[in-house]
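Visitor: File target12.pdb follows (PDB, C-alpha atoms):
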```
ATOM      1  CA  MET S   1      23.599 126.397 164.970  1.00  0.00           C
ATOM      2  CA  ARG S   2      20.704 128.604 166.130  1.00  0.00           C
ATOM      3  CA  GLY S   3      21.961 131.275 163.710  1.00  0.00           C
ATOM      4  CA  ALA S   4      21.793 128.761 160.866  1.00  0.00           C
ATOM      5  CA  ILE S   5      18.217 127.860 161.765  1.00  0.00           C
ATOM      6  CA  SER S   6      17.230 131.526 161.909  1.00  0.00           C
ATOM      7  CA  ALA S   7      18.927 132.191 158.576  1.00  0.00           C
ATOM      8  CA  ILE S   8      17.103 129.315 156.877  1.00  0.00           C
ATOM      9  CA  VAL S   9      13.744 130.340 158.310  1.00  0.00           C
ATOM     10  CA  SER S  10      14.363 134.001 157.405  1.00  0.00           C
ATOM     11  CA  LEU S  11      15.246 133.007 153.866  1.00  0.00           C
ATOM     12  CA  GLY S  12      11.980 131.103 153.630  1.00  0.00           C
ATOM     13  CA  LEU S  13      10.082 134.181 154.768  1.00  0.00           C
ATOM     14  CA  LEU S  14      11.827 136.332 152.175  1.00  0.00           C
ATOM     15  CA  LEU S  15      10.734 133.911 149.490  1.00  0.00           C
ATOM     16  CA  CYS S  16       7.103 133.917 150.630  1.00  0.00           C
ATOM     17  CA  PRO S  17       4.838 135.519 148.062  1.00  0.00           C
ATOM     18  CA  ILE S  18       2.624 138.235 149.493  1.00  0.00           C
ATOM     19  CA  VAL S  19      -0.200 138.773 147.037  1.00  0.00           C
ATOM     20  CA  GLY S  20      -3.362 140.803 147.450  1.00  0.00           C
ATOM     21  CA  THR S  21      -3.045 141.494 151.165  1.00  0.00           C
ATOM     22  CA  ARG S  22      -3.709 144.696 153.007  1.00  0.00           C
ATOM     23  CA  ALA S  23      -1.029 146.018 155.321  1.00  0.00           C
ATOM     24  CA  GLN S  24      -1.639 144.609 158.769  1.00  0.00           C
ATOM     25  CA  PRO S  25       0.538 144.473 161.847  1.00  0.00           C
ATOM     26  CA  ALA S  26       2.764 141.420 161.633  1.00  0.00           C
ATOM     27  CA  ARG S  27       2.110 138.716 164.200  1.00  0.00           C
ATOM     28  CA  ASP S  28       4.859 136.332 165.162  1.00  0.00           C
ATOM     29  CA  ASP S  29       2.907 134.089 167.498  1.00  0.00           C
ATOM     30  CA  GLY S  30       1.912 130.524 166.788  1.00  0.00           C
ATOM     31  CA  GLY S  31      -1.696 131.577 166.262  1.00  0.00           C
ATOM     32  CA  SER S  32      -0.678 133.516 163.166  1.00  0.00           C
ATOM     33  CA  LEU S  33       1.000 130.450 161.691  1.00  0.00           C
ATOM     34  CA  ALA S  34      -1.918 128.190 162.638  1.00  0.00           C
ATOM     35  CA  ASP S  35      -4.385 130.591 160.965  1.00  0.00           C
ATOM     36  CA  ARG S  36      -2.389 130.657 157.742  1.00  0.00           C
ATOM     37  CA  CYS S  37      -1.852 126.904 157.755  1.00  0.00           C
ATOM     38  CA  ALA S  38      -5.562 126.235 158.272  1.00  0.00           C
ATOM     39  CA  VAL S  39      -6.163 127.801 154.841  1.00  0.00           C
ATOM     40  CA  ALA S  40      -3.339 125.748 153.286  1.00  0.00           C
ATOM     41  CA  ALA S  41      -4.476 122.481 154.887  1.00  0.00           C
ATOM     42  CA  ALA S  42      -8.033 122.940 153.616  1.00  0.00           C
ATOM     43  CA  ALA S  43      -6.996 123.957 150.086  1.00  0.00           C
ATOM     44  CA  PRO S  44      -6.553 121.639 147.108  1.00  0.00           C
ATOM     45  CA  ASP S  45      -2.973 120.483 146.570  1.00  0.00           C
ATOM     46  CA  ASP S  46      -2.389 122.866 143.672  1.00  0.00           C
ATOM     47  CA  LEU S  47      -3.971 125.891 145.446  1.00  0.00           C
ATOM     48  CA  SER S  48      -5.826 126.601 142.194  1.00  0.00           C
ATOM     49  CA  SER S  49      -9.064 127.705 143.838  1.00  0.00           C
ATOM     50  CA  LEU S  50      -7.432 130.217 146.175  1.00  0.00           C
ATOM     51  CA  ARG S  51      -7.389 133.943 145.457  1.00  0.00           C
ATOM     52  CA  GLY S  52      -6.243 137.098 147.194  1.00  0.00           C
ATOM     53  CA  ASP S  53      -5.797 136.873 150.943  1.00  0.00           C
ATOM     54  CA  SER S  54      -6.466 133.115 151.029  1.00  0.00           C
ATOM     55  CA  PHE S  55      -3.755 132.485 148.448  1.00  0.00           C
ATOM     56  CA  ALA S  56      -1.332 134.704 150.372  1.00  0.00           C
ATOM     57  CA  LYS S  57      -2.058 132.930 153.665  1.00  0.00           C
ATOM     58  CA  ALA S  58      -1.656 129.460 152.163  1.00  0.00           C
ATOM     59  CA  THR S  59       1.558 130.228 150.287  1.00  0.00           C
ATOM     60  CA  THR S  60       3.047 132.029 153.290  1.00  0.00           C
ATOM     61  CA  CYS S  61       2.342 128.995 155.497  1.00  0.00           C
ATOM     62  CA  LEU S  62       3.652 126.483 152.978  1.00  0.00           C
ATOM     63  CA  SER S  63       6.788 128.490 152.208  1.00  0.00           C
ATOM     64  CA  TYR S  64       7.514 128.936 155.906  1.00  0.00           C
ATOM     65  CA  LEU S  65       7.034 125.222 156.602  1.00  0.00           C
ATOM     66  CA  VAL S  66       9.337 124.271 153.723  1.00  0.00           C
ATOM     67  CA  ALA S  67      12.010 126.403 155.418  1.00  0.00           C
ATOM     68  CA  VAL S  68      11.259 124.863 158.839  1.00  0.00           C
ATOM     69  CA  HIS S  69      11.428 121.389 157.261  1.00  0.00           C
ATOM     70  CA  ALA S  70      14.864 122.209 155.837  1.00  0.00           C
ATOM     71  CA  ALA S  71      16.056 123.540 159.201  1.00  0.00           C
ATOM     72  CA  LEU S  72      14.758 120.577 161.210  1.00  0.00           C
ATOM     73  CA  SER S  73      16.157 118.114 158.670  1.00  0.00           C
ATOM     74  CA  ARG S  74      19.565 119.754 159.095  1.00  0.00           C
ATOM     75  CA  VAL S  75      19.205 119.624 162.885  1.00  0.00           C
ATOM     76  CA  HIS S  76      18.416 115.886 162.620  1.00  0.00           C
ATOM     77  CA  GLN S  77      21.567 115.360 160.532  1.00  0.00           C
ATOM     78  CA  TYR S  78      23.578 117.283 163.141  1.00  0.00           C
ATOM     79  CA  TYR S  79      22.198 115.188 166.001  1.00  0.00           C
ATOM     80  CA  GLN S  80      22.901 111.962 164.135  1.00  0.00           C
ATOM     81  CA  SER S  81      26.478 112.953 163.319  1.00  0.00           C
ATOM     82  CA  THR S  82      27.403 114.327 166.760  1.00  0.00           C
ATOM     83  CA  MET S  83      25.461 111.856 168.916  1.00  0.00           C
ATOM     84  CA  PRO S  84      24.898 108.661 166.892  1.00  0.00           C
ATOM     85  CA  ALA S  85      23.192 106.907 169.798  1.00  0.00           C
ATOM     86  CA  TYR S  86      20.792 109.814 170.471  1.00  0.00           C
ATOM     87  CA  GLY S  87      17.406 108.446 171.444  1.00  0.00           C
ATOM     88  CA  ASN S  88      18.771 104.981 172.280  1.00  0.00           C
ATOM     89  CA  TRP S  89      20.547 105.734 175.530  1.00  0.00           C
ATOM     90  CA  SER S  90      20.505 103.558 178.607  1.00  0.00           C
ATOM     91  CA  ASP S  91      19.517 105.262 181.841  1.00  0.00           C
ATOM     92  CA  ALA S  92      23.146 105.841 182.859  1.00  0.00           C
ATOM     93  CA  ALA S  93      24.073 107.271 179.487  1.00  0.00           C
ATOM     94  CA  PHE S  94      20.949 109.428 179.495  1.00  0.00           C
ATOM     95  CA  TYR S  95      21.970 111.150 182.730  1.00  0.00           C
ATOM     96  CA  GLU S  96      25.523 111.531 181.462  1.00  0.00           C
ATOM     97  CA  GLN S  97      24.260 113.265 178.322  1.00  0.00           C
ATOM     98  CA  TRP S  98      21.531 115.309 180.050  1.00  0.00           C
ATOM     99  CA  SER S  99      23.296 118.680 179.936  1.00  0.00           C
ATOM    100  CA  MET S 100      24.068 118.243 176.234  1.00  0.00           C
ATOM    101  CA  ARG S 101      20.467 117.307 175.557  1.00  0.00           C
ATOM    102  CA  GLN S 102      19.258 120.398 177.389  1.00  0.00           C
ATOM    103  CA  ARG S 103      21.318 122.592 175.057  1.00  0.00           C
ATOM    104  CA  MET S 104      19.752 121.172 171.913  1.00  0.00           C
ATOM    105  CA  LEU S 105      18.188 123.921 169.888  1.00  0.00           C
ATOM    106  CA  ALA S 106      15.316 122.109 168.260  1.00  0.00           C
ATOM    107  CA  PRO S 107      13.581 118.761 168.505  1.00  0.00           C
ATOM    108  CA  ASP S 108      14.826 115.784 166.557  1.00  0.00           C
ATOM    109  CA  VAL S 109      12.278 115.237 163.797  1.00  0.00           C
ATOM    110  CA  CYS S 110      12.325 112.290 161.377  1.00  0.00           C
ATOM    111  CA  PHE S 111      10.400 113.247 158.258  1.00  0.00           C
ATOM    112  CA  PRO S 112       9.309 110.585 155.795  1.00  0.00           C
ATOM    113  CA  ALA S 113      10.933 110.977 152.390  1.00  0.00           C
ATOM    114  CA  ASP S 114       7.595 111.726 150.736  1.00  0.00           C
ATOM    115  CA  VAL S 115       6.287 114.354 153.182  1.00  0.00           C
ATOM    116  CA  THR S 116       4.515 117.243 151.457  1.00  0.00           C
ATOM    117  CA  PRO S 117       4.185 120.879 152.500  1.00  0.00           C
ATOM    118  CA  LYS S 118       0.433 120.342 152.841  1.00  0.00           C
ATOM    119  CA  ALA S 119       1.030 117.438 155.248  1.00  0.00           C
ATOM    120  CA  LEU S 120       3.259 119.758 157.310  1.00  0.00           C
ATOM    121  CA  ALA S 121       0.477 122.362 157.363  1.00  0.00           C
ATOM    122  CA  THR S 122      -2.051 119.742 158.435  1.00  0.00           C
ATOM    123  CA  ALA S 123       0.235 118.715 161.327  1.00  0.00           C
ATOM    124  CA  VAL S 124       0.537 122.349 162.465  1.00  0.00           C
ATOM    125  CA  VAL S 125      -3.243 122.848 162.359  1.00  0.00           C
ATOM    126  CA  LYS S 126      -3.874 119.605 164.267  1.00  0.00           C
ATOM    127  CA  TYR S 127      -1.316 120.552 166.923  1.00  0.00           C
ATOM    128  CA  GLY S 128      -2.741 124.076 167.184  1.00  0.00           C
ATOM    129  CA  LYS S 129      -6.235 122.729 167.829  1.00  0.00           C
ATOM    130  CA  ALA S 130      -4.958 120.335 170.481  1.00  0.00           C
ATOM    131  CA  HIS S 131      -2.786 122.999 172.159  1.00  0.00           C
ATOM    132  CA  ALA S 132      -4.800 126.191 171.726  1.00  0.00           C
ATOM    133  CA  ASP S 133      -3.322 127.593 174.950  1.00  0.00           C
ATOM    134  CA  GLU S 134       0.115 127.761 173.277  1.00  0.00           C
ATOM    135  CA  LEU S 135      -0.972 129.729 170.198  1.00  0.00           C
ATOM    136  CA  LYS S 136      -0.471 133.149 171.799  1.00  0.00           C
ATOM    137  CA  THR S 137       2.559 132.233 173.899  1.00  0.00           C
ATOM    138  CA  VAL S 138       4.932 130.564 171.434  1.00  0.00           C
ATOM    139  CA  GLU S 139       6.560 131.906 168.302  1.00  0.00           C
ATOM    140  CA  ASN S 140       5.973 130.488 164.828  1.00  0.00           C
ATOM    141  CA  PHE S 141       9.123 128.349 164.737  1.00  0.00           C
ATOM    142  CA  ASP S 142       8.507 126.860 168.178  1.00  0.00           C
ATOM    143  CA  LEU S 143       4.916 125.967 167.312  1.00  0.00           C
ATOM    144  CA  ALA S 144       5.943 124.413 163.988  1.00  0.00           C
ATOM    145  CA  ALA S 145       8.802 122.481 165.601  1.00  0.00           C
ATOM    146  CA  ARG S 146       6.564 121.116 168.364  1.00  0.00           C
ATOM    147  CA  ALA S 147       3.860 120.164 165.874  1.00  0.00           C
ATOM    148  CA  LEU S 148       6.252 118.455 163.489  1.00  0.00           C
ATOM    149  CA  ALA S 149       8.102 116.641 166.298  1.00  0.00           C
ATOM    150  CA  GLY S 150       4.767 115.263 167.458  1.00  0.00           C
ATOM    151  CA  ALA S 151       3.706 114.237 163.959  1.00  0.00           C
ATOM    152  CA  TYR S 152       7.089 112.815 162.887  1.00  0.00           C
ATOM    153  CA  PRO S 153       8.948 111.632 166.008  1.00  0.00           C
ATOM    154  CA  CYS S 154      12.248 109.784 165.788  1.00  0.00           C
ATOM    155  CA  HIS S 155      12.037 106.330 167.392  1.00  0.00           C
TER     156      HIS S 155
END
```
Take the structure I supplied and represent it as structure tokens, if you would.
Guide:
Amino acid sequence: MRGAISAIVSLGLLLCPIVGTRAQPARDDGGSLADRCAVAAAAPDDLSSLRGDSFAKATTCLSYLVAVHAALSRVHQYYQSTMPAYGNWSDAAFYEQWSMRQRMLAPDVCFPADVTPKALATAVVKYGKAHADELKTVENFDLAARALAGAYPCH
């Protein structure tokens, strides 16, 4: 399952347009994603006013989050099919399922049907501001997953 998530996220990165940027060392921490998503969250929906580095940052963020959305949606489907009562356990059942829960690879996220890439970017930026201490210590996927789980929890 983790391989499938990595493959989906990697595919999203391959599809990211890189336009007008200078070669810089790649950063894989959450701060890098938060920086890129701040540009996307502040931009108009059609990105028409963005040029050069700003356009590259916004499209990289949005493309990455589309891939993360696809991965987390698939994880949600997996959780629902393998553990239909996930999230609605009694105390006894919770303890019985604890070891399985600890092995879960990503949070269970319930996206609304009409969620947009810009809304995903806004959630990442909001989470990054509230958890600035995590930006240098977590990787892009972990930051995005935590942000999206907080913004779109399953109840």
Visitor: Using only C-alpha atoms - which residues lie no farther than 12 Å from the point (14.3, 113.4, 163.1) in the file's frame? Write them as a PyMOL selection string.
Guide: chain S and resi 69-80+86-87+106-113+145+148-155
Visitor: For Gly31 in chain S, work out the shell of residues within 7 Å, counting only C-alpha atoms and skipping chain neighbours fewer than 2 positions away, then give it as a list in words.
Guide: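 The residues satisfying every condition are Asp29, Leu33, Ala34, Asp35, Leu135 and Lys136 of chain S.
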Visitor: Considering only C-alpha atoms, state which residue in the set S:Ala130, S:Val125, S:Cys37, S:Val138 is at the smallest distance from Cys61 in chain S.
Guide: S:Cys37
Visitor: Tell me, in Å to one decimal, how far CA of Glu134 in chain S is from CA of Arg51 in chain S.
Guide: 29.5 Å
